[in-house]
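*Asks:* Mind looking over this structure? Questions follow.
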Amino acid sequence: MTDKELKKLKDDLWHSADILRAGAHLAANKYGQPILGLIFLRYADILYKQYKEEIEARYHKLKGTRMEKSMKEISIEVCGFYLPPEAYYDAINDAPDDANKATLVKKAMAAIEEDNDKMDGVLPKEVYGQLVPEEEPDLLSKIVKVFKDIPENISVDLFGEIYEFFLGNFALQEGKDGGTFYTPATVVRYMVEVLQPTSGDKMFLDPACGSGGMFVQAARYMHNHNASDADMKFRCYGVEKEPDTVKLAKMNLLLNNVRGEIAEANSFYADPYDAVGRFDYVMANPPFNVDEVVYERVKDDARFNTYGIPKNKSKTAKKASDKKETVPNANYLWISYFASALKDNGKAALVMANSASDAGNSEYDIRKKMIEEGIISQMVTLPSNMFSSVTLPATLWFFDKAKAHTDKKDEILFIDARNVFTQIDRAHRKFSEEQIKNLGIISHLYEGDTQAFADLIAEYKTALAAAPETSEDKEEKTKAYWQAQIDWLTERFPEGVYRDVIGLCKVAKLNGEDGIVDQDYSLNAGRYVGVVIEDDGLTAEEFKAEMLSLNEALGALNAEARELENSISNNLNELLGV
């Protein structure tokens with residue numbers, strides 16, 4: 001399936017949500033649950049069909065022998081789950097277009113859960129009764145038919161993309177609420193591009209996992225970098241406190257063939273995986289600026305106190321009904337958690353509020369300790385409007401425990417990516433595929449991987465040669481587009497090696513003039529990277545004349561404003577008879 005065909009399929013499927021909005025008796029933020037459930041049902045049906053011939057052949061071969069096994073046992077061995085006949089998608093699709101369809105879907109979901117322990121309690125069941133309103137009893141049938149259009153030969157990876165596409169669209173629709181379960185895929189893909197996870201027997205942690213997107217993108221990165229199925233031994237461990245979001249995450253992992261566990265818990269007060277020092281990778285987009293974490297419940301927890309617990313400078317007056325001291329801001333609880341959960345050579349990537357980069361008081365002490373220990377490898381300031389839940393820019397923190405034992409211990413790479421984005425609509429932005437690669441190459445070059453730069457330039461040149469001069473299709477990339485990507489890279493890194501670029505990236509040392517100590521241990525990229533001052537072409541005399549002219553114009557405007565102010569005041573006095 002080509003990229004264009006996949007995009008059309010996604011858009012066609014999304015119209016199913018439009019059908020729901022028009023007729024279902026559901027609240028505006030509840031459309032996702034039944035749609036994502038049907039996507040899973042269709043996925044299970046297609047995947048099972050792809051293995052069914054092999055399953056039946058093995059069943060008949062073993063039947064009547066001492067090694068005889070049930071169809072269910074063989075199915076779980078071959079494709080990871082068993083699909084009972086009442087859950088076959090065709091059986092549901094071909095049934096009469098009436099209210100009984102909801103009962104059939106509910107029974108299908110219940111049967112899958114009953115025959116597959118790992119799905120117990122995950123699938124939506126009761127909600128489908130609301131999709132057969134009395135005035136339109138065939139509504140559910142219309143939606144079921146939409147997903148029947150997904151090709152029978154589609155790959156697991158593409159099915160996972162469809163699920164992620166729906167998650168992202170639902171998150172955009174729900175705005176702030178959607179941000180609690182979904183981190184934009186392009187942000188996660190950039191985080192993974194920098195982290196460069198390797199396959200094998202590795203452990204991934206996300207203590208605020210939402211719908212599991214971090215795990216999915218990490219798995220996809222490894223697949224795209226030639227990791228075979230045999231190499232994909234890594235296991236994902238997620239923690240999520242919202243029960244409905246736990247279900248989304250479990251379905252997401254299953255649809256993307258990712259092994260792992262999702263625990264329903266509050267990460268501040270529960271540690272289901274005994275996290276300290278256990279994980280090769282930690283990735284997360286935790287909730288920002290939480291201020292209700294009880295201090296007594298976290299102060300003795302090694303996940304949080306290894307680098308210090310955020311604490312109020314002095315006790316604040318509290319209402320009599322509120323005796324418990326709380327952590328003033330939990331941002332540094334998260335930051336400490338990610339660092340302490342890593343093995344000695346572990347790496348982490350996390351999204352954090354910009355304010356944490358310069359936070360003072362006890363947060364300052366925690367940040368200073370981490371910087372001096374040498375475990376912070378990179379800081380990346382993101383553009384604003386990348387998230388549905390917040391409009392202000394956020395920052396990506398990257399940890400590398402192994403860095404503390406290298407000659408890069410006393411330096412940090414800062415990247416200011418605020419001017420690198422693609423506008424989706426008035427209120428939302430994303431990274432394009434090429435922007436992810438272009439920003440990612442900065443990290444590769446910093447690490448001395450000049451071949452990655454050469455390979456990317458070669459990739460763009462190949463695309464340039466094949467691209468049309470112009471195109472009426474907005475999705476088709478022209479020669480000018482690919483040339484712009486080449487120029488962006490070669491203008492900034494003309495020798496194909498890392499160098500500091502004003503306004504984009506800077507390697508800051510701990511000591512020295514304008515170093516991290518001089519900047520009072522700030523981790524704000526803007527303090528180090530600087531800004532590009534464009535040459536306006538004016539001579540010194542011309543610049544002076546221009547400034548005098550502007551100052552004269554400002555004086556005239558101020559005088560006009562004063563006259564207007566006096567006129568308004570006089571008019572009011574006359575009106576009120578003062």
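By convention in this document, the chains of the structure tokens carry letters A, B, ... by their order, each chain's residues are numbered from 1, and ligands are numbered from 1 in the order they are shown.
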Which residues are close to stretch 505-514 of chain A, i.e. within 6 Å by only C-alpha atoms, leaving aside same-chain residues fewer than 2 positions away? Reply as a ChimeraX atom specification.
*Replies:* /A:410-415,500-501,516-518,529
*Asks:* Keeping only N, CA and C atoms, write the selected residues to a file as a compact mmCIF listing (two decimals), in the first residue's frame.
*Replies:*
```txt
# COMPACT_ATOMS: atom_id res chain seq x y z
N ASP A 410 30.95 16.98 31.27
CA ASP A 410 30.74 18.36 31.69
C ASP A 410 30.23 19.26 30.57
N GLU A 411 29.40 18.70 29.69
CA GLU A 411 28.79 19.50 28.63
C GLU A 411 27.40 18.98 28.31
N ILE A 412 26.58 19.86 27.74
CA ILE A 412 25.21 19.51 27.35
C ILE A 412 24.94 20.12 25.99
N LEU A 413 24.29 19.35 25.12
CA LEU A 413 23.88 19.86 23.81
C LEU A 413 22.51 20.54 23.95
N PHE A 414 22.44 21.81 23.57
CA PHE A 414 21.18 22.55 23.59
C PHE A 414 20.71 22.77 22.15
N ILE A 415 19.42 22.51 21.91
CA ILE A 415 18.82 22.73 20.59
C ILE A 415 17.56 23.58 20.78
N ASP A 500 28.49 24.42 16.33
CA ASP A 500 27.45 25.26 16.93
C ASP A 500 26.87 26.16 15.85
N VAL A 501 25.53 26.30 15.85
CA VAL A 501 24.84 27.15 14.88
C VAL A 501 23.99 28.14 15.66
N ILE A 516 27.53 26.80 31.78
CA ILE A 516 26.32 26.46 32.53
C ILE A 516 26.37 27.01 33.95
N VAL A 517 27.54 27.00 34.58
CA VAL A 517 27.66 27.59 35.92
C VAL A 517 27.42 29.09 35.86
N ASP A 518 28.01 29.73 34.85
CA ASP A 518 27.81 31.17 34.67
C ASP A 518 26.34 31.52 34.48
N VAL A 529 22.00 29.14 22.99
CA VAL A 529 21.96 29.07 21.53
C VAL A 529 22.01 30.45 20.90
```
*Asks:* Applying 10 Å and only C-alpha atoms, which residues near A:Leu504 remain after dropping the ones on its own chain fewer than 6 positions away? List them as a VMD selection string.
*Replies:* chain A and resid 380 to 381 414 to 420 439 442 492 525 to 526 528 to 532
*Asks:* Could you list, with a cut-off of 8 Å and counting only C-alpha atoms, the residues of stretch 473-576 of chain A near stretch 351-371 of chain A, each shown with its nearest atom pair and the distance in Å rounded to one decimal, rows sorted by chain and ascending number, as JSON lines?
*Replies:*
```
{"residue": "A:Tyr521", "atom": "CA", "partner": "A:Lys368", "partner_atom": "CA", "distance": 6.1}
{"residue": "A:Ser522", "atom": "CA", "partner": "A:Asp358", "partner_atom": "CA", "distance": 5.1}
{"residue": "A:Leu523", "atom": "CA", "partner": "A:Ser357", "partner_atom": "CA", "distance": 4.7}
{"residue": "A:Asn524", "atom": "CA", "partner": "A:Ser357", "partner_atom": "CA", "distance": 5.3}
```
*Asks:* Restricting the calculation to only C-alpha atoms: of A:Ser377, A:Ser155, A:Ser211, A:Asn385, which residue gets closest to A:Asp425?
*Replies:*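 The shortest atom-to-atom distance to A:Asp425 comes from A:Asn385.
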*Asks:* Go through stretch 317-353 of chain A and collect every residue that DSSP, computed from the backbone, puts in strand (DSSP E or B); the answer should be as a list in words.
*Replies:*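 Of stretch 317-353 of chain A, only Thr326, Leu342, Lys343, Asp344, Asn345, Gly346, Lys347, Ala348, Ala349, Leu350, Val351, Met352 and Ala353 of chain A fall in strand (DSSP E or B).
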*Asks:* Those selected residues, please, written with N, CA, C and O atoms and delivered as a PDB file, in the first residue's frame.
*Replies:*
```
ATOM      1  N   THR A 326       2.086  19.427  50.907  1.00  0.00           N
ATOM      2  CA  THR A 326       2.209  18.905  49.551  1.00  0.00           C
ATOM      3  C   THR A 326       3.491  19.417  48.902  1.00  0.00           C
ATOM      4  O   THR A 326       4.046  20.442  49.295  1.00  0.00           O
ATOM      5  N   LEU A 342      16.819   4.540  35.587  1.00  0.00           N
ATOM      6  CA  LEU A 342      17.723   4.040  34.553  1.00  0.00           C
ATOM      7  C   LEU A 342      18.828   3.142  35.111  1.00  0.00           C
ATOM      8  O   LEU A 342      19.343   3.361  36.210  1.00  0.00           O
ATOM      9  N   LYS A 343      19.202   2.172  34.293  1.00  0.00           N
ATOM     10  CA  LYS A 343      20.411   1.396  34.566  1.00  0.00           C
ATOM     11  C   LYS A 343      21.629   2.295  34.372  1.00  0.00           C
ATOM     12  O   LYS A 343      21.514   3.426  33.893  1.00  0.00           O
ATOM     13  N   ASP A 344      22.825   1.774  34.661  1.00  0.00           N
ATOM     14  CA  ASP A 344      24.035   2.591  34.573  1.00  0.00           C
ATOM     15  C   ASP A 344      24.306   3.101  33.164  1.00  0.00           C
ATOM     16  O   ASP A 344      24.981   4.117  32.988  1.00  0.00           O
ATOM     17  N   ASN A 345      23.806   2.378  32.149  1.00  0.00           N
ATOM     18  CA  ASN A 345      23.987   2.828  30.761  1.00  0.00           C
ATOM     19  C   ASN A 345      22.649   3.180  30.111  1.00  0.00           C
ATOM     20  O   ASN A 345      22.534   3.206  28.893  1.00  0.00           O
ATOM     21  N   GLY A 346      21.638   3.459  30.942  1.00  0.00           N
ATOM     22  CA  GLY A 346      20.294   3.723  30.430  1.00  0.00           C
ATOM     23  C   GLY A 346      20.143   5.124  29.867  1.00  0.00           C
ATOM     24  O   GLY A 346      20.934   6.029  30.156  1.00  0.00           O
ATOM     25  N   LYS A 347      19.086   5.295  29.052  1.00  0.00           N
ATOM     26  CA  LYS A 347      18.786   6.581  28.434  1.00  0.00           C
ATOM     27  C   LYS A 347      17.316   6.916  28.651  1.00  0.00           C
ATOM     28  O   LYS A 347      16.473   6.022  28.694  1.00  0.00           O
ATOM     29  N   ALA A 348      17.026   8.209  28.732  1.00  0.00           N
ATOM     30  CA  ALA A 348      15.640   8.650  28.926  1.00  0.00           C
ATOM     31  C   ALA A 348      15.339   9.859  28.057  1.00  0.00           C
ATOM     32  O   ALA A 348      16.232  10.642  27.713  1.00  0.00           O
ATOM     33  N   ALA A 349      14.062   9.982  27.697  1.00  0.00           N
ATOM     34  CA  ALA A 349      13.568  11.152  26.965  1.00  0.00           C
ATOM     35  C   ALA A 349      12.216  11.511  27.541  1.00  0.00           C
ATOM     36  O   ALA A 349      11.345  10.646  27.658  1.00  0.00           O
ATOM     37  N   LEU A 350      12.018  12.760  27.902  1.00  0.00           N
ATOM     38  CA  LEU A 350      10.754  13.143  28.508  1.00  0.00           C
ATOM     39  C   LEU A 350      10.360  14.551  28.100  1.00  0.00           C
ATOM     40  O   LEU A 350      11.205  15.390  27.778  1.00  0.00           O
ATOM     41  N   VAL A 351       9.054  14.787  28.080  1.00  0.00           N
ATOM     42  CA  VAL A 351       8.499  16.101  27.791  1.00  0.00           C
ATOM     43  C   VAL A 351       8.263  16.807  29.126  1.00  0.00           C
ATOM     44  O   VAL A 351       7.728  16.216  30.056  1.00  0.00           O
ATOM     45  N   MET A 352       8.671  18.069  29.190  1.00  0.00           N
ATOM     46  CA  MET A 352       8.509  18.787  30.451  1.00  0.00           C
ATOM     47  C   MET A 352       8.176  20.251  30.183  1.00  0.00           C
ATOM     48  O   MET A 352       8.531  20.806  29.142  1.00  0.00           O
ATOM     49  N   ALA A 353       7.488  20.880  31.116  1.00  0.00           N
ATOM     50  CA  ALA A 353       7.157  22.300  31.010  1.00  0.00           C
ATOM     51  C   ALA A 353       8.431  23.134  30.923  1.00  0.00           C
ATOM     52  O   ALA A 353       9.417  22.853  31.597  1.00  0.00           O
TER      53      ALA A 353
END
```
*Asks:* Taking 2 positions as the minimum chain separation for residues in the same chain, which residues sit within 9 Å of stretch 50-65 of chain A when counting only C-alpha atoms? Answer as a list in words.
*Replies:*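 The residues that qualify are Asp45, Ile46, Leu47, Tyr48, Met67, Glu68, Lys69, Ser70, Met71, Ile74, Ser75, Val78, Cys79, Glu152 and Asn153 of chain A.
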*Asks:* Mind dumping the selected residues with N, CA and C atoms as a PDB file, in the first residue's frame?
*Replies:*
```pdb
ATOM      1  N   ASP A  45      -9.809  -9.893  13.346  1.00  0.00           N
ATOM      2  CA  ASP A  45     -10.374 -10.731  12.292  1.00  0.00           C
ATOM      3  C   ASP A  45      -9.385 -10.907  11.133  1.00  0.00           C
ATOM      4  N   ILE A  46      -8.779  -9.804  10.676  1.00  0.00           N
ATOM      5  CA  ILE A  46      -7.845  -9.881   9.543  1.00  0.00           C
ATOM      6  C   ILE A  46      -6.594 -10.672   9.915  1.00  0.00           C
ATOM      7  N   LEU A  47      -6.035 -10.397  11.100  1.00  0.00           N
ATOM      8  CA  LEU A  47      -4.826 -11.104  11.503  1.00  0.00           C
ATOM      9  C   LEU A  47      -5.100 -12.599  11.657  1.00  0.00           C
ATOM     10  N   TYR A  48      -6.247 -12.944  12.238  1.00  0.00           N
ATOM     11  CA  TYR A  48      -6.569 -14.355  12.439  1.00  0.00           C
ATOM     12  C   TYR A  48      -6.742 -15.066  11.098  1.00  0.00           C
ATOM     13  N   MET A  67      -0.191 -35.624  21.082  1.00  0.00           N
ATOM     14  CA  MET A  67       0.133 -34.198  21.138  1.00  0.00           C
ATOM     15  C   MET A  67      -1.057 -33.329  20.724  1.00  0.00           C
ATOM     16  N   GLU A  68      -2.250 -33.950  20.676  1.00  0.00           N
ATOM     17  CA  GLU A  68      -3.427 -33.202  20.243  1.00  0.00           C
ATOM     18  C   GLU A  68      -3.661 -31.963  21.092  1.00  0.00           C
ATOM     19  N   LYS A  69      -3.989 -30.863  20.421  1.00  0.00           N
ATOM     20  CA  LYS A  69      -4.271 -29.597  21.102  1.00  0.00           C
ATOM     21  C   LYS A  69      -5.559 -29.008  20.546  1.00  0.00           C
ATOM     22  N   SER A  70      -6.175 -28.141  21.338  1.00  0.00           N
ATOM     23  CA  SER A  70      -7.395 -27.486  20.884  1.00  0.00           C
ATOM     24  C   SER A  70      -7.052 -26.389  19.877  1.00  0.00           C
ATOM     25  N   MET A  71      -8.060 -25.988  19.105  1.00  0.00           N
ATOM     26  CA  MET A  71      -7.869 -24.905  18.152  1.00  0.00           C
ATOM     27  C   MET A  71      -7.423 -23.628  18.890  1.00  0.00           C
ATOM     28  N   ILE A  74      -3.618 -23.830  19.826  1.00  0.00           N
ATOM     29  CA  ILE A  74      -2.754 -23.662  18.649  1.00  0.00           C
ATOM     30  C   ILE A  74      -2.805 -22.210  18.163  1.00  0.00           C
ATOM     31  N   SER A  75      -3.969 -21.610  18.186  1.00  0.00           N
ATOM     32  CA  SER A  75      -4.113 -20.218  17.749  1.00  0.00           C
ATOM     33  C   SER A  75      -3.238 -19.286  18.577  1.00  0.00           C
ATOM     34  N   VAL A  78       0.377 -19.694  17.578  1.00  0.00           N
ATOM     35  CA  VAL A  78       0.729 -19.231  16.231  1.00  0.00           C
ATOM     36  C   VAL A  78       0.625 -17.717  16.091  1.00  0.00           C
ATOM     37  N   CYS A  79      -0.491 -17.124  16.521  1.00  0.00           N
ATOM     38  CA  CYS A  79      -0.664 -15.682  16.288  1.00  0.00           C
ATOM     39  C   CYS A  79      -0.890 -14.863  17.545  1.00  0.00           C
ATOM     40  N   GLU A 152      -7.909  -6.994   3.398  1.00  0.00           N
ATOM     41  CA  GLU A 152      -7.602  -8.217   4.138  1.00  0.00           C
ATOM     42  C   GLU A 152      -6.095  -8.470   4.242  1.00  0.00           C
ATOM     43  N   ASN A 153      -5.306  -7.923   3.303  1.00  0.00           N
ATOM     44  CA  ASN A 153      -3.863  -8.207   3.295  1.00  0.00           C
ATOM     45  C   ASN A 153      -3.040  -7.104   3.952  1.00  0.00           C
TER      46      ASN A 153
END
```
*Asks:* Nearest residue to A:Leu456 out of A:Leu489, A:Ala110, A:Ala484, A:Leu576, using only C-alpha atoms?
*Replies:*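 Smallest separation from A:Leu456 among the options: A:Leu489.
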*Asks:* How far is it from atom CA of A:Val298 to atom CA of A:Ala339, in Å with one decimal?
*Replies:* 15.8 Å
*Asks:* Quick check, in Å to one decimal: how far apart do atom CA of A:Ile112 and atom CA of A:Pro85 lie?
*Replies:*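 Distance between the two atoms: 9.8 Å.
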*Asks:* Each residue of stretch 65-111 of chain A with at least one atom at most 10 Å from stretch 146-149 of chain A should appear once, together with its nearest atom pair and the corresponding distance in Å (one decimal); atoms considered: only C-alpha atoms; ordering: chain, then increasing residue number; output as a tab-separated table.
*Replies:*
```
residue	atom	partner	partner_atom	distance
A:Tyr89	CA	A:Lys148	CA	7.9
A:Asp90	CA	A:Lys148	CA	8.2
A:Asn93	CA	A:Lys148	CA	7.7
```
*Asks:* A:Pro494: which residues within 12 Å, counting only C-alpha atoms, same-chain residues fewer than 5 positions away excluded, as a ChimeraX atom specification?
*Replies:* /A:450,453-454,457,486-489,499-501
*Asks:* Using DSSP on the backbone, list every residue of stretch 234-297 of chain A that comes out as helix (DSSP H, G or I), and give them as a ChimeraX atom specification.
*Replies:* /A:243-255,295-297
*Asks:* Would you export the selected residues with N, CA, C and O atoms as a PDB file, in the first residue's frame, please?
*Replies:*
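Generated file (result_7.pdb):
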```
ATOM      1  N   PRO A 243      -8.628   4.424  34.099  1.00  0.00           N
ATOM      2  CA  PRO A 243      -9.000   3.079  33.640  1.00  0.00           C
ATOM      3  C   PRO A 243      -9.298   2.995  32.144  1.00  0.00           C
ATOM      4  O   PRO A 243      -8.853   2.049  31.476  1.00  0.00           O
ATOM      5  N   ASP A 244     -10.014   3.967  31.587  1.00  0.00           N
ATOM      6  CA  ASP A 244     -10.332   3.915  30.159  1.00  0.00           C
ATOM      7  C   ASP A 244      -9.079   4.053  29.299  1.00  0.00           C
ATOM      8  O   ASP A 244      -8.960   3.438  28.239  1.00  0.00           O
ATOM      9  N   THR A 245      -8.129   4.865  29.774  1.00  0.00           N
ATOM     10  CA  THR A 245      -6.888   5.043  29.021  1.00  0.00           C
ATOM     11  C   THR A 245      -6.025   3.793  29.095  1.00  0.00           C
ATOM     12  O   THR A 245      -5.308   3.468  28.139  1.00  0.00           O
ATOM     13  N   VAL A 246      -6.075   3.081  30.204  1.00  0.00           N
ATOM     14  CA  VAL A 246      -5.374   1.793  30.315  1.00  0.00           C
ATOM     15  C   VAL A 246      -5.851   0.853  29.209  1.00  0.00           C
ATOM     16  O   VAL A 246      -5.052   0.152  28.560  1.00  0.00           O
ATOM     17  N   LYS A 247      -7.142   0.849  28.966  1.00  0.00           N
ATOM     18  CA  LYS A 247      -7.696  -0.016  27.918  1.00  0.00           C
ATOM     19  C   LYS A 247      -7.190   0.396  26.535  1.00  0.00           C
ATOM     20  O   LYS A 247      -6.860  -0.449  25.701  1.00  0.00           O
ATOM     21  N   LEU A 248      -7.146   1.720  26.283  1.00  0.00           N
ATOM     22  CA  LEU A 248      -6.621   2.207  25.010  1.00  0.00           C
ATOM     23  C   LEU A 248      -5.184   1.743  24.815  1.00  0.00           C
ATOM     24  O   LEU A 248      -4.786   1.330  23.718  1.00  0.00           O
ATOM     25  N   ALA A 249      -4.388   1.826  25.876  1.00  0.00           N
ATOM     26  CA  ALA A 249      -2.985   1.445  25.777  1.00  0.00           C
ATOM     27  C   ALA A 249      -2.825  -0.046  25.511  1.00  0.00           C
ATOM     28  O   ALA A 249      -1.992  -0.459  24.691  1.00  0.00           O
ATOM     29  N   LYS A 250      -3.620  -0.864  26.189  1.00  0.00           N
ATOM     30  CA  LYS A 250      -3.514  -2.312  25.975  1.00  0.00           C
ATOM     31  C   LYS A 250      -3.903  -2.686  24.550  1.00  0.00           C
ATOM     32  O   LYS A 250      -3.253  -3.530  23.914  1.00  0.00           O
ATOM     33  N   MET A 251      -4.939  -2.043  24.023  1.00  0.00           N
ATOM     34  CA  MET A 251      -5.312  -2.299  22.631  1.00  0.00           C
ATOM     35  C   MET A 251      -4.224  -1.818  21.678  1.00  0.00           C
ATOM     36  O   MET A 251      -3.907  -2.479  20.685  1.00  0.00           O
ATOM     37  N   ASN A 252      -3.626  -0.674  21.993  1.00  0.00           N
ATOM     38  CA  ASN A 252      -2.579  -0.119  21.145  1.00  0.00           C
ATOM     39  C   ASN A 252      -1.379  -1.060  21.064  1.00  0.00           C
ATOM     40  O   ASN A 252      -0.826  -1.299  19.981  1.00  0.00           O
ATOM     41  N   LEU A 253      -0.974  -1.610  22.184  1.00  0.00           N
ATOM     42  CA  LEU A 253       0.155  -2.548  22.187  1.00  0.00           C
ATOM     43  C   LEU A 253      -0.172  -3.810  21.400  1.00  0.00           C
ATOM     44  O   LEU A 253       0.652  -4.305  20.615  1.00  0.00           O
ATOM     45  N   LEU A 254      -1.393  -4.303  21.568  1.00  0.00           N
ATOM     46  CA  LEU A 254      -1.783  -5.522  20.852  1.00  0.00           C
ATOM     47  C   LEU A 254      -1.856  -5.274  19.345  1.00  0.00           C
ATOM     48  O   LEU A 254      -1.403  -6.106  18.551  1.00  0.00           O
ATOM     49  N   LEU A 255      -2.397  -4.132  18.946  1.00  0.00           N
ATOM     50  CA  LEU A 255      -2.510  -3.831  17.524  1.00  0.00           C
ATOM     51  C   LEU A 255      -1.152  -3.613  16.879  1.00  0.00           C
ATOM     52  O   LEU A 255      -1.005  -3.777  15.665  1.00  0.00           O
ATOM     53  N   TYR A 295       3.610  15.295  50.415  1.00  0.00           N
ATOM     54  CA  TYR A 295       5.048  15.216  50.677  1.00  0.00           C
ATOM     55  C   TYR A 295       5.420  13.967  51.476  1.00  0.00           C
ATOM     56  O   TYR A 295       6.391  13.268  51.136  1.00  0.00           O
ATOM     57  N   GLU A 296       4.677  13.663  52.518  1.00  0.00           N
ATOM     58  CA  GLU A 296       5.004  12.521  53.386  1.00  0.00           C
ATOM     59  C   GLU A 296       4.994  11.191  52.624  1.00  0.00           C
ATOM     60  O   GLU A 296       5.712  10.269  52.980  1.00  0.00           O
ATOM     61  N   ARG A 297       4.192  11.115  51.560  1.00  0.00           N
ATOM     62  CA  ARG A 297       4.060   9.847  50.830  1.00  0.00           C
ATOM     63  C   ARG A 297       5.170   9.626  49.808  1.00  0.00           C
ATOM     64  O   ARG A 297       5.296   8.531  49.271  1.00  0.00           O
TER      65      ARG A 297
END
```
*Asks:* Measure the distance from atom CA of A:His223 to atom CA of A:Ala452 in Å and round it to one decimal.
*Replies:*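 Rounded to one decimal, the two atoms are 17.8 Å apart.
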*Asks:* Kindly indicate which residue among A:Ala265, A:Leu575, A:Ala465, A:Met386 lies nearest to A:Pro184, using only C-alpha atoms for the distances.
*Replies:*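 With only C-alpha atoms as the atom set, the closest residue is A:Met386.
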*Asks:* Taking only C-alpha atoms into account, name the residue in A:Glu240, A:Asp473, A:Asp274, A:Glu126 that is nearest to A:Gln33.
*Replies:* A:Glu126
*Asks:* Find the residue from A:Leu382, A:Gly374, A:Ala556, A:Gly121 that sits nearest to A:Lys403; use only C-alpha atoms when measuring.
*Replies:* A:Gly374
